[in-house]
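Peer 1: Dropping in start34.cif, with mmCIF, C-alpha atoms.
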```
data_final
loop_
_atom_site.label_atom_id
_atom_site.label_comp_id
_atom_site.auth_asym_id
_atom_site.auth_seq_id
_atom_site.Cartn_x
_atom_site.Cartn_y
_atom_site.Cartn_z
CA MET A 1 0.00 0.00 0.00
CA ALA A 2 2.81 2.42 0.89
CA SER A 3 4.55 1.82 -2.42
CA ILE A 4 1.30 2.34 -4.33
CA LYS A 5 0.70 5.68 -2.61
CA ALA A 6 4.30 6.71 -3.19
CA GLY A 7 3.84 6.01 -6.88
CA ARG A 8 0.60 8.01 -6.89
CA ASP A 9 2.37 10.94 -5.24
CA ARG A 10 5.14 10.94 -7.84
CA LEU A 11 2.59 10.85 -10.65
CA LEU A 12 0.36 13.63 -9.30
CA SER A 13 3.33 15.90 -8.55
CA SER A 14 4.70 15.55 -12.07
CA SER A 15 4.18 18.76 -14.06
CA ASP A 16 4.19 16.74 -17.30
CA PHE A 17 1.36 14.50 -16.01
CA GLN A 18 -0.59 17.56 -14.88
CA ARG A 19 -0.37 19.12 -18.35
CA ARG A 20 -1.35 15.89 -20.11
CA SER A 21 -4.25 15.15 -17.73
CA LEU A 22 -5.90 18.45 -18.64
CA ARG A 23 -6.03 17.32 -22.28
CA LEU A 24 -7.15 13.70 -21.80
CA PRO A 25 -10.97 13.39 -21.98
CA LEU A 26 -11.22 10.54 -19.45
CA VAL A 27 -9.30 12.29 -16.65
CA ARG A 28 -9.75 15.97 -17.57
CA TRP A 29 -12.69 16.50 -15.22
CA ILE A 30 -10.71 15.04 -12.29
CA ALA A 31 -7.73 17.27 -13.07
CA ARG A 32 -9.92 20.36 -13.29
CA ARG A 33 -11.61 19.52 -9.98
CA ARG A 34 -8.26 19.07 -8.26
CA MET A 35 -7.08 22.37 -9.70
CA ARG A 36 -10.20 24.12 -8.37
CA GLU A 37 -9.77 22.52 -4.91
CA LEU A 38 -6.15 23.64 -4.73
CA PHE A 39 -7.05 27.16 -5.84
CA ASP A 40 -9.82 27.32 -3.23
CA LEU A 41 -7.22 26.51 -0.56
CA CYS A 42 -5.06 29.38 -1.83
CA SER A 43 -8.02 31.77 -2.05
CA GLY A 44 -9.80 30.87 1.17
CA PHE A 45 -8.72 34.02 3.00
CA VAL A 46 -10.00 36.23 0.16
CA TYR A 47 -13.35 34.42 0.19
CA SER A 48 -13.60 34.94 3.95
CA GLN A 49 -12.92 38.67 3.53
CA VAL A 50 -15.69 38.96 0.93
CA LEU A 51 -17.98 37.43 3.54
CA MET A 52 -16.61 39.78 6.21
CA ALA A 53 -17.33 42.81 4.00
CA CYS A 54 -20.93 41.69 3.49
CA ILE A 55 -21.39 41.25 7.25
CA ARG A 56 -19.85 44.60 8.17
CA LEU A 57 -21.92 46.42 5.56
CA ASP A 58 -25.05 44.62 6.83
CA LEU A 59 -25.69 43.74 3.20
CA PHE A 60 -27.74 40.62 3.92
CA SER A 61 -30.22 42.48 6.13
CA LEU A 62 -30.47 45.24 3.55
CA LEU A 63 -31.30 42.86 0.71
CA ALA A 64 -33.68 40.84 2.88
CA GLN A 65 -35.95 43.90 2.86
CA SER A 66 -36.06 43.93 -0.95
CA PRO A 67 -33.76 43.36 -3.95
CA ARG A 68 -31.79 46.44 -4.97
CA THR A 69 -29.75 47.61 -7.93
CA ALA A 70 -26.04 48.23 -7.79
CA ASP A 71 -26.68 51.98 -8.14
CA GLU A 72 -29.04 51.96 -5.15
CA LEU A 73 -26.57 49.99 -3.06
CA SER A 74 -23.70 52.25 -4.09
CA THR A 75 -25.57 55.27 -2.73
CA MET A 76 -26.79 53.54 0.44
CA LEU A 77 -23.41 52.02 1.32
CA GLU A 78 -21.34 55.02 0.19
CA ILE A 79 -19.06 52.87 -1.97
CA GLU A 80 -17.97 53.77 -5.50
CA ARG A 81 -19.92 51.83 -8.08
CA ASN A 82 -16.91 50.12 -9.71
CA ARG A 83 -15.63 48.92 -6.34
CA LEU A 84 -19.08 47.80 -5.26
CA ASP A 85 -19.46 45.83 -8.51
CA THR A 86 -16.40 43.82 -7.49
CA LEU A 87 -18.00 42.95 -4.15
CA LEU A 88 -21.38 42.10 -5.67
CA GLU A 89 -19.83 39.86 -8.32
CA ALA A 90 -17.59 38.16 -5.76
CA ALA A 91 -20.44 37.59 -3.29
CA SER A 92 -22.65 36.23 -6.07
CA SER A 93 -19.94 33.77 -7.12
CA LEU A 94 -19.85 32.51 -3.52
CA ARG A 95 -23.67 32.15 -3.44
CA LEU A 96 -23.98 34.85 -0.81
CA LEU A 97 -25.93 37.01 -3.27
CA GLU A 98 -27.65 36.36 -6.58
CA GLY A 99 -28.87 38.41 -9.52
CA ARG A 100 -32.62 38.92 -9.68
CA GLY A 101 -32.99 40.46 -13.14
CA ASP A 102 -33.28 44.13 -14.15
CA GLY A 103 -29.86 44.75 -12.59
CA GLN A 104 -31.09 43.88 -9.09
CA PHE A 105 -29.38 41.76 -6.45
CA GLY A 106 -31.00 39.70 -3.72
CA LEU A 107 -29.92 37.11 -1.18
CA GLY A 108 -28.20 33.97 -2.38
CA THR A 109 -28.75 30.62 -0.72
CA LEU A 110 -25.81 31.03 1.67
CA GLY A 111 -26.62 34.67 2.39
CA ALA A 112 -30.15 33.74 3.38
CA ALA A 113 -28.83 30.95 5.62
CA LEU A 114 -26.45 33.37 7.33
CA LEU A 115 -29.25 35.84 7.95
CA GLY A 116 -31.18 33.13 9.78
CA ASN A 117 -28.25 32.43 12.11
CA PRO A 118 -27.14 35.66 13.81
CA SER A 119 -24.51 33.82 15.83
CA VAL A 120 -22.67 33.03 12.59
CA GLY A 121 -22.42 36.75 11.86
CA LEU A 122 -20.96 37.39 15.31
CA MET A 123 -18.42 34.62 14.79
CA ILE A 124 -17.41 36.02 11.40
CA GLU A 125 -16.77 39.43 13.00
CA HIS A 126 -14.85 37.69 15.76
CA HIS A 127 -12.61 36.01 13.18
CA ARG A 128 -10.64 39.23 12.78
CA ALA A 129 -8.77 38.17 15.91
CA LEU A 130 -8.12 34.68 14.50
CA TYR A 131 -6.80 36.06 11.21
CA ALA A 132 -4.42 38.35 13.09
CA ASP A 133 -3.08 35.42 15.10
CA LEU A 134 -2.63 33.32 11.96
CA GLY A 135 -0.65 36.03 10.16
CA ASP A 136 2.46 33.91 10.76
CA PRO A 137 1.26 30.31 11.21
CA VAL A 138 4.80 28.93 11.51
CA ALA A 139 5.55 31.27 14.42
CA LEU A 140 2.34 30.08 16.04
CA LEU A 141 3.30 26.43 15.53
CA ARG A 142 6.73 27.02 17.02
CA GLY A 143 5.28 28.78 20.06
CA GLU A 144 7.05 32.03 19.25
CA LYS A 145 3.93 34.15 19.81
CA GLN A 146 3.72 34.81 23.53
CA THR A 147 0.44 36.72 23.30
CA THR A 148 -2.44 36.17 20.90
CA GLU A 149 -5.63 38.13 20.34
CA LEU A 150 -7.76 35.03 20.86
CA GLY A 151 -5.92 34.26 24.08
CA GLN A 152 -6.80 37.71 25.37
CA PHE A 153 -10.40 37.51 24.20
CA TRP A 154 -11.51 34.27 25.84
CA ALA A 155 -11.98 34.86 29.55
CA TYR A 156 -10.80 31.39 30.57
CA SER A 157 -7.65 31.27 28.45
CA LYS A 158 -4.40 30.84 30.37
CA SER A 159 -3.01 33.98 28.74
CA ALA A 160 -6.10 36.16 29.26
CA GLU A 161 -5.78 39.11 31.55
CA ALA A 162 -8.14 39.25 34.53
CA LYS A 163 -11.39 40.95 33.54
CA GLY A 164 -14.31 42.29 35.51
CA PRO A 165 -18.00 41.76 34.69
CA GLU A 166 -18.25 45.19 33.06
CA ASP A 167 -15.14 44.77 30.91
CA GLU A 168 -15.77 45.35 27.18
CA ASP A 169 -14.08 42.06 26.21
CA THR A 170 -16.10 40.16 28.81
CA ALA A 171 -19.32 41.60 27.37
CA ALA A 172 -18.27 40.59 23.84
CA TYR A 173 -17.29 37.12 25.09
CA SER A 174 -20.66 36.66 26.79
CA GLU A 175 -22.57 37.89 23.73
CA LEU A 176 -20.72 35.55 21.38
CA MET A 177 -21.09 32.56 23.70
CA ALA A 178 -24.79 33.20 24.29
CA ALA A 179 -25.57 33.59 20.58
CA SER A 180 -23.62 30.54 19.46
CA GLN A 181 -25.03 28.40 22.29
CA VAL A 182 -28.55 28.70 20.88
CA MET A 183 -27.75 26.47 17.88
CA ILE A 184 -25.76 24.07 20.04
CA ALA A 185 -28.52 23.82 22.65
CA ASP A 186 -31.04 22.93 19.96
CA GLN A 187 -28.76 20.16 18.70
CA VAL A 188 -28.10 18.76 22.18
CA LEU A 189 -31.70 18.83 23.37
CA SER A 190 -32.88 17.15 20.18
CA ALA A 191 -30.28 14.41 20.60
CA TYR A 192 -30.78 13.70 24.31
CA SER A 193 -34.00 14.09 26.29
CA LEU A 194 -33.77 15.69 29.74
CA ARG A 195 -37.25 14.54 30.86
CA ALA A 196 -35.82 12.09 33.38
CA HIS A 197 -33.59 14.69 35.06
CA HIS A 198 -34.41 17.16 37.84
CA GLN A 199 -31.15 18.72 39.05
CA HIS A 200 -28.86 20.07 36.33
CA LEU A 201 -25.33 21.47 36.72
CA ASP A 202 -23.94 23.27 33.67
CA VAL A 203 -20.17 23.46 34.15
CA GLY A 204 -18.69 26.43 32.30
CA GLY A 205 -22.20 27.51 31.35
CA GLY A 206 -21.25 31.07 30.38
CA ALA A 207 -24.22 33.41 30.07
CA GLY A 208 -26.63 30.54 30.81
CA ALA A 209 -27.87 29.93 27.28
CA PHE A 210 -27.89 26.14 27.52
CA ALA A 211 -29.41 26.12 31.02
CA LEU A 212 -32.09 28.52 29.77
CA ALA A 213 -33.00 26.31 26.81
CA ALA A 214 -32.95 23.18 28.98
CA MET A 215 -35.35 24.67 31.57
CA GLN A 216 -37.65 26.15 28.94
CA GLN A 217 -38.12 22.70 27.41
CA ASN A 218 -38.29 20.82 30.72
CA GLU A 219 -40.51 22.34 33.40
CA GLN A 220 -39.36 19.86 36.04
CA LEU A 221 -35.71 20.86 35.68
CA GLU A 222 -33.70 23.10 38.01
CA SER A 223 -30.37 24.31 36.67
CA CYS A 224 -27.20 25.64 38.26
CA VAL A 225 -24.68 27.49 36.09
CA PHE A 226 -21.09 27.32 37.29
CA ASP A 227 -18.62 29.64 35.58
CA LEU A 228 -16.04 32.35 36.19
CA PRO A 229 -17.20 35.26 38.37
CA SER A 230 -16.61 37.63 35.43
CA VAL A 231 -19.52 36.04 33.52
CA ALA A 232 -21.67 34.75 36.40
CA ASP A 233 -23.50 38.07 36.80
CA THR A 234 -24.45 37.98 33.13
CA ALA A 235 -25.90 34.50 33.55
CA SER A 236 -27.91 35.61 36.60
CA ARG A 237 -29.42 38.55 34.73
CA ASN A 238 -30.15 36.44 31.66
CA LEU A 239 -31.98 33.69 33.56
CA ALA A 240 -33.90 36.17 35.71
CA SER A 241 -35.01 38.15 32.65
CA HIS A 242 -36.72 35.01 31.34
CA GLY A 243 -38.60 34.45 34.58
CA LEU A 244 -36.54 31.45 35.64
CA ALA A 245 -34.89 32.79 38.77
CA SER A 246 -36.92 30.43 40.97
CA ARG A 247 -35.54 27.37 39.15
CA ALA A 248 -32.05 28.64 38.42
CA SER A 249 -28.93 29.41 40.40
CA VAL A 250 -25.53 30.74 39.37
CA ILE A 251 -22.24 30.15 41.16
CA GLY A 252 -19.06 31.99 40.28
CA GLY A 253 -15.92 29.89 40.44
CA ASP A 254 -13.06 28.22 38.61
CA PHE A 255 -13.87 24.61 37.77
CA LEU A 256 -10.15 23.83 37.57
CA ALA A 257 -9.59 24.91 41.16
CA ASP A 258 -12.89 25.15 43.03
CA PRO A 259 -15.17 22.25 44.02
CA LEU A 260 -18.35 21.85 42.00
CA PRO A 261 -21.80 21.81 43.62
CA GLN A 262 -22.76 18.28 44.62
CA GLY A 263 -25.68 16.02 43.79
CA ALA A 264 -26.87 16.96 40.27
CA ASP A 265 -28.35 14.05 38.32
CA LEU A 266 -27.26 15.74 35.07
CA VAL A 267 -23.90 17.46 34.63
CA SER A 268 -23.24 19.09 31.26
CA LEU A 269 -20.01 20.16 29.58
CA ILE A 270 -21.09 22.11 26.51
CA ARG A 271 -18.06 22.93 24.34
CA ILE A 272 -15.75 22.85 27.36
CA LEU A 273 -13.31 19.96 26.99
CA HIS A 274 -11.92 20.86 23.57
CA ASP A 275 -10.95 24.27 24.99
CA HIS A 276 -8.59 22.68 27.52
CA ASP A 277 -5.38 20.69 27.56
CA ASP A 278 -5.19 17.02 28.58
CA ASP A 279 -4.20 17.67 32.20
CA SER A 280 -7.07 20.13 32.62
CA ILE A 281 -9.51 17.62 31.11
CA LYS A 282 -8.47 15.06 33.71
CA SER A 283 -9.19 17.59 36.47
CA ILE A 284 -12.53 18.62 34.97
CA LEU A 285 -13.79 15.06 34.51
CA ARG A 286 -12.69 14.00 37.99
CA ALA A 287 -14.39 17.07 39.47
CA CYS A 288 -17.59 16.12 37.61
CA ARG A 289 -17.26 12.54 38.85
CA ARG A 290 -17.03 13.73 42.46
CA ALA A 291 -19.98 16.11 42.05
CA ILE A 292 -22.45 13.95 40.10
CA ALA A 293 -25.19 11.92 41.78
CA PRO A 294 -24.58 8.12 41.82
CA ASP A 295 -27.33 7.59 39.24
CA GLY A 296 -26.50 10.73 37.28
CA VAL A 297 -25.52 11.34 33.67
CA LEU A 298 -22.59 13.35 32.35
CA LEU A 299 -23.37 15.02 29.03
CA ILE A 300 -20.58 16.24 26.71
CA ALA A 301 -21.25 18.24 23.56
CA GLU A 302 -18.59 19.61 21.22
CA PRO A 303 -17.13 19.15 17.72
CA MET A 304 -15.01 16.00 17.52
CA LEU A 305 -12.17 14.76 15.37
CA GLY A 306 -13.04 12.17 12.75
CA THR A 307 -16.61 13.38 12.19
CA ARG A 308 -17.49 12.06 8.77
CA GLY A 309 -18.02 14.85 6.27
CA ALA A 310 -16.62 17.48 8.63
CA GLU A 311 -12.98 16.42 8.87
CA PRO A 312 -11.52 19.84 7.88
CA VAL A 313 -13.76 21.63 10.38
CA SER A 314 -12.59 19.68 13.41
CA ALA A 315 -8.98 19.06 12.40
CA ALA A 316 -8.02 22.23 10.52
CA TYR A 317 -10.36 24.96 11.75
CA PHE A 318 -10.72 24.00 15.41
CA GLY A 319 -7.16 22.70 15.57
CA PHE A 320 -5.62 26.03 14.61
CA TYR A 321 -8.28 28.11 16.36
CA LEU A 322 -7.51 26.45 19.68
CA MET A 323 -3.77 26.70 19.06
CA ALA A 324 -4.20 30.44 18.57
CA MET A 325 -6.26 30.60 21.74
CA GLY A 326 -3.32 29.04 23.56
CA GLN A 327 -4.90 25.88 24.90
CA GLY A 328 -7.04 22.89 24.03
CA ARG A 329 -7.36 20.72 20.94
CA PRO A 330 -10.11 18.79 19.15
CA ARG A 331 -10.39 15.14 20.19
CA SER A 332 -11.96 12.02 18.76
CA ILE A 333 -14.75 10.01 20.36
CA GLU A 334 -12.23 7.28 21.14
CA THR A 335 -9.90 9.70 22.96
CA LEU A 336 -12.74 11.24 24.97
CA SER A 337 -14.07 7.80 25.86
CA GLU A 338 -10.68 6.76 27.21
CA GLN A 339 -10.48 9.93 29.29
CA LEU A 340 -13.96 9.29 30.65
CA LYS A 341 -13.09 5.74 31.68
CA LYS A 342 -9.96 6.91 33.49
CA ALA A 343 -12.01 9.53 35.35
CA GLY A 344 -14.48 6.93 36.61
CA PHE A 345 -17.27 6.88 34.01
CA CYS A 346 -18.80 4.03 32.07
CA GLN A 347 -21.75 3.30 29.74
CA ILE A 348 -20.40 5.85 27.26
CA ARG A 349 -22.87 6.44 24.45
CA LEU A 350 -22.86 8.58 21.32
CA HIS A 351 -26.17 10.29 20.47
CA ARG A 352 -26.97 11.27 16.91
CA THR A 353 -27.24 15.00 16.13
CA SER A 354 -28.67 16.45 12.94
CA ALA A 355 -25.63 18.71 12.45
CA PRO A 356 -22.54 16.79 13.65
CA LEU A 357 -20.37 19.47 12.06
CA LEU A 358 -21.53 21.80 14.86
CA THR A 359 -21.50 19.34 17.72
CA ARG A 360 -21.62 15.71 18.70
CA VAL A 361 -23.10 14.45 21.95
CA LEU A 362 -21.71 11.86 24.36
CA THR A 363 -23.25 10.69 27.62
CA ALA A 364 -21.65 8.63 30.37
CA ARG A 365 -22.58 7.37 33.82
CA PRO A 366 -20.41 7.18 36.95
CA THR A 367 -18.97 3.81 37.77
CA ALA A 368 -20.07 2.07 40.94
CA THR A 369 -16.76 2.93 42.65
CA SER A 370 -16.85 5.85 45.02
CA GLN A 371 -13.83 7.53 43.53
CA ALA A 372 -12.44 8.19 40.06
CA GLN A 373 -9.42 6.14 39.07
CA GLY A 374 -6.27 7.92 40.11
CA ALA A 375 -8.16 10.74 41.83
CA PRO A 376 -6.60 12.00 45.02
#
```
Spell out the structure here as structure tokens.
Peer 2:
Amino acid sequence: MASIKAGRDRLLSSSDFQRRSLRLPLVRWIARRRMRELFDLCSGFVYSQVLMACIRLDLFSLLAQSPRTADELSTMLEIERNRLDTLLEAASSLRLLEGRGDGQFGLGTLGAALLGNPSVGLMIEHHRALYADLGDPVALLRGEKQTTELGQFWAYSKSAEAKGPEDEDTAAYSELMAASQVMIADQVLSAYSLRAHHQHLDVGGGAGAFALAAMQQNEQLESCVFDLPSVADTASRNLASHGLASRASVIGGDFLADPLPQGADLVSLIRILHDHDDDSIKSILRACRRAIAPDGVLLIAEPMLGTRGAEPVSAAYFGFYLMAMGQGRPRSIETLSEQLKKAGFCQIRLHRTSAPLLTRVLTARPTATSQAQGAP
């Protein structure tokens, strides 16, 4: 097999073969597709900036009201017509916009999808920090960048400066987390029913978006959000504003250092583990094992390596995103399962989600032993 692949590599890397394959009818379509795929890799940043421009100009919301001509948009957006034409043509080629006849432009299929998911727009704006950190990817790989913008943005990053609840970055962090959690919560709650649970502990629950969705769908459920003090106040206000203060509680603390509240029959880790290094994961899972009720369920939701059809998302996007953040890495189901077993969990089960690209869901139950393996 190795020799076959080595031969394939020599053939595909041959400039003579590449020229000939573009002229041969039987393989021409394959060669053209490979050329397009390679060019898309080279052009990806430009495509993302076309998308960024549309978001910052609020172009999708504008065209959702009604289709408009390039002249109308030029006046409204205060952009010279020839420059705007470049954007409109580029966005149309990426299916963000589409021509509607009579010189008008409307939403394309992807533009309409983006408009229906406001959290995606927030993430696209947020990507300015990621692009800055990836300006020199080799320096990032070699650990030569001591400070990154993503590391400063995320409140729980090891390199983040201490922030108060009124800090501008903390507010942006809470807004982004809350918006993105809506889609994730829908995926999780569709994959795993909470009807059998009564006491819920959401570890690292941020602004309380998942706890809110869980309680709104399950009237019997009481939820406790445990997260850093800098975001705990936001969670308290959010849950109270939805009339759930009587069923909700919020505790400010560091789940890597402080004990978790005891006795919940459901403990959730929503996009928490992939943000932390292996040693931290061991601490988090053991803390959950000590806190969970004997008959409880641990629920983990996050993107995972090896997800069929989403391999570049988990390996390339999340891999480099987390490297820029300064901690964490995407992990496979097999790796997470092994970590769970070592922490004292069993009956590990994968639950099907409708959008595994966004998140996958694992549940596990505590073993009958009173203490996690290797726990102090």
Peer 1: Expand the PyMOL selection byres ((chain A and resi 252) around 7) into the explicit residue set it covers here, and present it as a ChimeraX atom specification.
Peer 2: /A:226-229,232,250-251,253
Peer 1: In Å, rounded to a single decimal, give me how far atom CA of A:Gly319 is from atom CA of A:Gly116.
Peer 2: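 Separation between atom CA of A:Gly116 and atom CA of A:Gly319: 26.8 Å.
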Peer 1: Taking the file as I've supplied it (selection: the PyMOL selection byres ((chain A and resi 276) around 12)), which residues are included? Please answer as a PDB file with C-alpha atoms, in the coordinates of the input.
Peer 2:
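Now in out11.pdb:
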```
ATOM      1  CA  TYR A 156     -10.800  31.390  30.570  1.00  0.00           C
ATOM      2  CA  SER A 157      -7.650  31.270  28.450  1.00  0.00           C
ATOM      3  CA  LYS A 158      -4.400  30.840  30.370  1.00  0.00           C
ATOM      4  CA  GLY A 204     -18.690  26.430  32.300  1.00  0.00           C
ATOM      5  CA  PHE A 255     -13.870  24.610  37.770  1.00  0.00           C
ATOM      6  CA  LEU A 256     -10.150  23.830  37.570  1.00  0.00           C
ATOM      7  CA  LEU A 269     -20.010  20.160  29.580  1.00  0.00           C
ATOM      8  CA  ARG A 271     -18.060  22.930  24.340  1.00  0.00           C
ATOM      9  CA  ILE A 272     -15.750  22.850  27.360  1.00  0.00           C
ATOM     10  CA  LEU A 273     -13.310  19.960  26.990  1.00  0.00           C
ATOM     11  CA  HIS A 274     -11.920  20.860  23.570  1.00  0.00           C
ATOM     12  CA  ASP A 275     -10.950  24.270  24.990  1.00  0.00           C
ATOM     13  CA  ASP A 277      -5.380  20.690  27.560  1.00  0.00           C
ATOM     14  CA  ASP A 278      -5.190  17.020  28.580  1.00  0.00           C
ATOM     15  CA  ASP A 279      -4.200  17.670  32.200  1.00  0.00           C
ATOM     16  CA  SER A 280      -7.070  20.130  32.620  1.00  0.00           C
ATOM     17  CA  ILE A 281      -9.510  17.620  31.110  1.00  0.00           C
ATOM     18  CA  LYS A 282      -8.470  15.060  33.710  1.00  0.00           C
ATOM     19  CA  SER A 283      -9.190  17.590  36.470  1.00  0.00           C
ATOM     20  CA  ILE A 284     -12.530  18.620  34.970  1.00  0.00           C
ATOM     21  CA  LEU A 285     -13.790  15.060  34.510  1.00  0.00           C
ATOM     22  CA  LEU A 322      -7.510  26.450  19.680  1.00  0.00           C
ATOM     23  CA  MET A 323      -3.770  26.700  19.060  1.00  0.00           C
ATOM     24  CA  MET A 325      -6.260  30.600  21.740  1.00  0.00           C
ATOM     25  CA  GLY A 326      -3.320  29.040  23.560  1.00  0.00           C
ATOM     26  CA  GLN A 327      -4.900  25.880  24.900  1.00  0.00           C
ATOM     27  CA  GLY A 328      -7.040  22.890  24.030  1.00  0.00           C
ATOM     28  CA  ARG A 329      -7.360  20.720  20.940  1.00  0.00           C
ATOM     29  CA  PRO A 330     -10.110  18.790  19.150  1.00  0.00           C
ATOM     30  CA  ARG A 331     -10.390  15.140  20.190  1.00  0.00           C
TER      31      ARG A 331
END
```
Peer 1: Choose the residue, out of A:Val297, A:Ala113, A:Leu212, A:Leu141, that has the smallest atom-to-atom separation from A:Asn238; count all atoms listed in the file.
Peer 2: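 Nearest to A:Asn238: A:Leu212.
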Peer 1: Can you tell me, as a PDB file with C-alpha atoms, in the frame of the given file, what residues are no more than 12 Å from A:Leu357 when counting only C-alpha atoms, ignoring any on the same chain fewer than 5 positions away?
Peer 2:
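For reference, result-v4.pdb as written:
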```
ATOM      1  CA  MET A 183     -27.750  26.470  17.880  1.00  0.00           C
ATOM      2  CA  ILE A 184     -25.760  24.070  20.040  1.00  0.00           C
ATOM      3  CA  GLN A 187     -28.760  20.160  18.700  1.00  0.00           C
ATOM      4  CA  ALA A 301     -21.250  18.240  23.560  1.00  0.00           C
ATOM      5  CA  GLU A 302     -18.590  19.610  21.220  1.00  0.00           C
ATOM      6  CA  PRO A 303     -17.130  19.150  17.720  1.00  0.00           C
ATOM      7  CA  MET A 304     -15.010  16.000  17.520  1.00  0.00           C
ATOM      8  CA  LEU A 305     -12.170  14.760  15.370  1.00  0.00           C
ATOM      9  CA  GLY A 306     -13.040  12.170  12.750  1.00  0.00           C
ATOM     10  CA  THR A 307     -16.610  13.380  12.190  1.00  0.00           C
ATOM     11  CA  ARG A 308     -17.490  12.060   8.770  1.00  0.00           C
ATOM     12  CA  GLY A 309     -18.020  14.850   6.270  1.00  0.00           C
ATOM     13  CA  ALA A 310     -16.620  17.480   8.630  1.00  0.00           C
ATOM     14  CA  GLU A 311     -12.980  16.420   8.870  1.00  0.00           C
ATOM     15  CA  PRO A 312     -11.520  19.840   7.880  1.00  0.00           C
ATOM     16  CA  VAL A 313     -13.760  21.630  10.380  1.00  0.00           C
ATOM     17  CA  SER A 314     -12.590  19.680  13.410  1.00  0.00           C
ATOM     18  CA  ALA A 315      -8.980  19.060  12.400  1.00  0.00           C
ATOM     19  CA  TYR A 317     -10.360  24.960  11.750  1.00  0.00           C
ATOM     20  CA  PHE A 318     -10.720  24.000  15.410  1.00  0.00           C
ATOM     21  CA  ARG A 352     -26.970  11.270  16.910  1.00  0.00           C
TER      22      ARG A 352
END
```
Peer 1: Given the point (-16.8, 40.5, -4.0) in the coordinates of this file, which residues lie within 10 Å, counting all atoms listed in the file, and how would they look as a JSON list (two decimals) with C-alpha atoms, keeping the file's coordinate frame?
Peer 2:
```json
[["chain", "number", "residue", "atom", "x", "y", "z"],
["A", 46, "VAL", "CA", -10.00, 36.23, 0.16],
["A", 47, "TYR", "CA", -13.35, 34.42, 0.19],
["A", 49, "GLN", "CA", -12.92, 38.67, 3.53],
["A", 50, "VAL", "CA", -15.69, 38.96, 0.93],
["A", 51, "LEU", "CA", -17.98, 37.43, 3.54],
["A", 53, "ALA", "CA", -17.33, 42.81, 4.00],
["A", 54, "CYS", "CA", -20.93, 41.69, 3.49],
["A", 83, "ARG", "CA", -15.63, 48.92, -6.34],
["A", 84, "LEU", "CA", -19.08, 47.80, -5.26],
["A", 85, "ASP", "CA", -19.46, 45.83, -8.51],
["A", 86, "THR", "CA", -16.40, 43.82, -7.49],
["A", 87, "LEU", "CA", -18.00, 42.95, -4.15],
["A", 88, "LEU", "CA", -21.38, 42.10, -5.67],
["A", 89, "GLU", "CA", -19.83, 39.86, -8.32],
["A", 90, "ALA", "CA", -17.59, 38.16, -5.76],
["A", 91, "ALA", "CA", -20.44, 37.59, -3.29],
["A", 92, "SER", "CA", -22.65, 36.23, -6.07],
["A", 93, "SER", "CA", -19.94, 33.77, -7.12],
["A", 94, "LEU", "CA", -19.85, 32.51, -3.52],
["A", 96, "LEU", "CA", -23.98, 34.85, -0.81],
["A", 97, "LEU", "CA", -25.93, 37.01, -3.27]]
```
Peer 1: Give me the residues near A:Leu63 as an mmCIF file with C-alpha atoms, in the coordinates of the input, where near means some atom within 9 Å (using all atoms listed in the file) and where sequence neighbours in that chain fewer than 2 positions away do not count.
Peer 2:
```cif
data_model
loop_
_atom_site.group_PDB
_atom_site.id
_atom_site.type_symbol
_atom_site.label_atom_id
_atom_site.label_comp_id
_atom_site.auth_asym_id
_atom_site.auth_seq_id
_atom_site.Cartn_x
_atom_site.Cartn_y
_atom_site.Cartn_z
ATOM 1 C CA ASP A 58 -25.050 44.620 6.830
ATOM 2 C CA LEU A 59 -25.690 43.740 3.200
ATOM 3 C CA PHE A 60 -27.740 40.620 3.920
ATOM 4 C CA SER A 61 -30.220 42.480 6.130
ATOM 5 C CA GLN A 65 -35.950 43.900 2.860
ATOM 6 C CA SER A 66 -36.060 43.930 -0.950
ATOM 7 C CA PRO A 67 -33.760 43.360 -3.950
ATOM 8 C CA ARG A 68 -31.790 46.440 -4.970
ATOM 9 C CA LEU A 97 -25.930 37.010 -3.270
ATOM 10 C CA PHE A 105 -29.380 41.760 -6.450
ATOM 11 C CA GLY A 106 -31.000 39.700 -3.720
ATOM 12 C CA LEU A 107 -29.920 37.110 -1.180
#
```
Peer 1: Counting all atoms listed in the file, figure out which residue out of A:Ser74, A:Ser236, A:Pro366, A:Ser223 gets nearest to A:Ala287.
Peer 2: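 Smallest separation from A:Ala287 among the options: A:Pro366.
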Peer 1: Near stretch 360-364 of chain A, within 6 Å and counting only C-alpha atoms, which residues show up once chain neighbours fewer than 2 positions away are dropped, as a ChimeraX atom specification?
Peer 2: /A:297-303,345-351,356
Peer 1: Care to translate the PyMOL selection byres ((chain A and resi 267) around 9) into actual residues of this file, as a PyMOL selection string?
Peer 2: chain A and resi 199-203+264-266+268-269+288+291-292+296-300
Peer 1: Would you mind telling me which residue in A:Thr69, A:Val225, A:Ile79, A:Asp133 lies nearest to A:Gly101 when using all atoms listed in the file?
Peer 2: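 Counting all atoms listed in the file, the residue closest to A:Gly101 is A:Thr69.
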Peer 1: Could you put an axis-aligned box around every listed atom of stretch 122-134 of chain A, padded by 6 Å on each side, and send me its centre and edge lengths in Å to one decimal, as JSON?
Peer 2:
```
{"center_x": -11.8, "center_y": 36.4, "center_z": 13.6, "size_x": 30.3, "size_y": 18.1, "size_z": 16.7}
```
Peer 1: With all atoms listed in the file as the basis for distance, which of A:Gly208, A:Arg365, A:Arg100, A:Gly143 is at the shortest distance from A:Ile270?
Peer 2: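 Among the listed residues, A:Gly208 lies closest to A:Ile270.
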Peer 1: In Å, how far is it from atom CA of A:Gly108 to atom CA of A:Ala64?
Peer 2: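 So the two atoms, atom CA of A:Gly108 and atom CA of A:Ala64, lie 10.2 Å apart.
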